[in-house]
Amino acid sequence: MSPWPMSPPAAPPWILRMAWHDLCFMHWPVDAGAIARTLPRGVTLDTYQGRAYLGVVPFQMSDVAPRLVPGMPGLSNFSELNLRTYVMAGGEPGVWFYSLDAAQPLGVRLARRFFHLPYFDARMWISRERGITRYASLRTHHGEPPARFAAAYRPIGDPVAAPPGSLEDWLTHRLNLYSADPRGNVYRGRIEHHAWPLRRAEAVIGENTLADSLGLTLDGPPHLLHAEELRVCAHWLERVT
C-alpha cells in the first residue's frame with residue numbers, strides 16, 4: 001500500500017504533505033457549555049454520547065513541504081503540540097484548534113497567515129529512549145501567556161481497532177480542520193490519510209497549562225492513544241461561512 005492516500009478523481013489535488021510521528025492523543029471530558037461558548041458563529045460543538053472532549057496532542061513532524069517540492073533541512077522537520085476540540089460546521093465534523101505550539105518560527109507565521117490557525121512560537125525538548133518519549137514545551141510567542149506542557153508517554157499493547165461509532169474512531173477519524181479569520185469567516189481545510197495505526201498508551205503528565213486560557217483545568221487520567229507514524233496530505237482552505 002502506498003504511504004500516501006489517493007484523492008477521489010473529482011477532488012482537487014492536495015497542496016501540502018507531511019508525516020506525523022510518535023503522536024499521543026490525550027483526551028479529557030470537559031463541560032460542554034463552557035466549550036460551546038468559545039466557538040465562533042457557524043461552528044457548533046460536537047459531542048460523543050453527550051460529552052465534549054478537549055485533546056492535547058504532542059507529536060513530531062517531518063517532510064513538511066508543498067506538493068512536488070522537496071523537503072528543506074531545518075524547515076520541514078519540527079515538533080508540534082495541539083490543544084483541540086471537536087466540532088461541526090457546514091454539516092461536516094472536524095477539529096477546532098485552540099492552540100498549535102511549534103518549534104519552527106517560519107512555519108508558525110505561514111500557518112497563521114495562510115490557514116488562519118492559532119500557531120504559536122515555542123521552545124520544545126523531546127527525547128525518546130527505550131520506547132518512552134519525554135516531551136516538554138514552553139510557549140514563547142510574543143504577547144501570549146507562557147503555556148507549559150511536560151509529559152512522558154509510551155505505547156502499550158496490541159494495535160487498537162477503532163470501529164465506526166466507537167469513541168476511538170470519533171476522537172481520531174477527523175478529516176477536516178476548521179479555522180476563522182479576523183473577520184469571523186470560517187474555513188474548512190480537508191486532509192487525507194490512511195487509517196490511524198493506533199495502540200493504547202500510558203503517560204505521566206508533569207505539567208499542563210494549555211487549557212488555562214479557556215478557564216479550564218484538565219484533571220484526572222486522560223483517555224490515551226498512540227500512533228507511531230502517519231503520512232498526511234492537506235488541501236487548500238475553502239470558505240464555509
# chains A, B, ... in the order shown; residues from 1 in each chain; ligands from 1
$ residues_around --residues "His142 (chain A)" --least-positions-apart "3" --cutoff "12 Å" --atoms "only C-alpha atoms" --output "list in words"
Pro105, Tyr119, Phe120, Asp121, Ala122, Arg139, Pro145 and Pro146 of chain A
$ write_last_selection --atoms "C-alpha atoms" --output "PDB file, in the first residue's frame"
ATOM      1  CA  PRO A 105       9.158  30.154  13.534  1.00  0.00           C
ATOM      2  CA  TYR A 119       0.034  28.719  15.813  1.00  0.00           C
ATOM      3  CA  PHE A 120       2.437  29.963  18.487  1.00  0.00           C
ATOM      4  CA  ASP A 121       6.205  30.010  18.839  1.00  0.00           C
ATOM      5  CA  ALA A 122       7.519  27.618  21.463  1.00  0.00           C
ATOM      6  CA  ARG A 139       5.198  28.848  24.666  1.00  0.00           C
ATOM      7  CA  PRO A 145       0.921  33.777  28.122  1.00  0.00           C
ATOM      8  CA  PRO A 146       3.706  31.176  28.568  1.00  0.00           C
TER       9      PRO A 146
END
$ residues_around --residues "region 229-240 of chain A" --least-positions-apart "5" --cutoff "6 Å" --atoms "only C-alpha atoms" --output "list in words"
Trp14, Ile15, Leu16, Arg17, Met18, Ala19, Trp20, His21, Val186, Tyr187, Arg188, Gly189, Arg190, Ile191, Glu192 and His193 of chain A
$ closest_residue --among "A:Leu216, A:Ala227, A:Leu75, A:Ala151" --to "Trp28 (chain A)" --atoms "only C-alpha atoms"
A:Leu216
$ residues_around --residues "Thr47 (chain A)" --least-positions-apart "5" --cutoff "10 Å" --atoms "only C-alpha atoms" --output "MDAnalysis selection string"
chainID A and resid 29 32 52:53 85:88 170:171
$ write_last_selection --atoms "C-alpha atoms" --output "PDB file, in the first residue's frame"
ATOM      1  CA  PRO A  29     -14.089  15.079  29.059  1.00  0.00           C
ATOM      2  CA  ALA A  32     -19.884  21.141  27.011  1.00  0.00           C
ATOM      3  CA  ALA A  52     -17.417  17.179  24.992  1.00  0.00           C
ATOM      4  CA  TYR A  53     -13.693  16.489  24.878  1.00  0.00           C
ATOM      5  CA  THR A  85     -11.849  20.028  20.460  1.00  0.00           C
ATOM      6  CA  TYR A  86     -14.412  18.537  18.074  1.00  0.00           C
ATOM      7  CA  VAL A  87     -16.968  20.471  16.094  1.00  0.00           C
ATOM      8  CA  MET A  88     -19.431  20.561  13.212  1.00  0.00           C
ATOM      9  CA  TRP A 170     -14.841   9.574  16.946  1.00  0.00           C
ATOM     10  CA  LEU A 171     -11.755  11.167  18.508  1.00  0.00           C
TER      11      LEU A 171
END
$ closest_residue --among "A:Tyr153, A:Phe25, A:Phe97, A:Tyr48" --to "Gly165 (chain A)" --atoms "only C-alpha atoms"
A:Tyr48
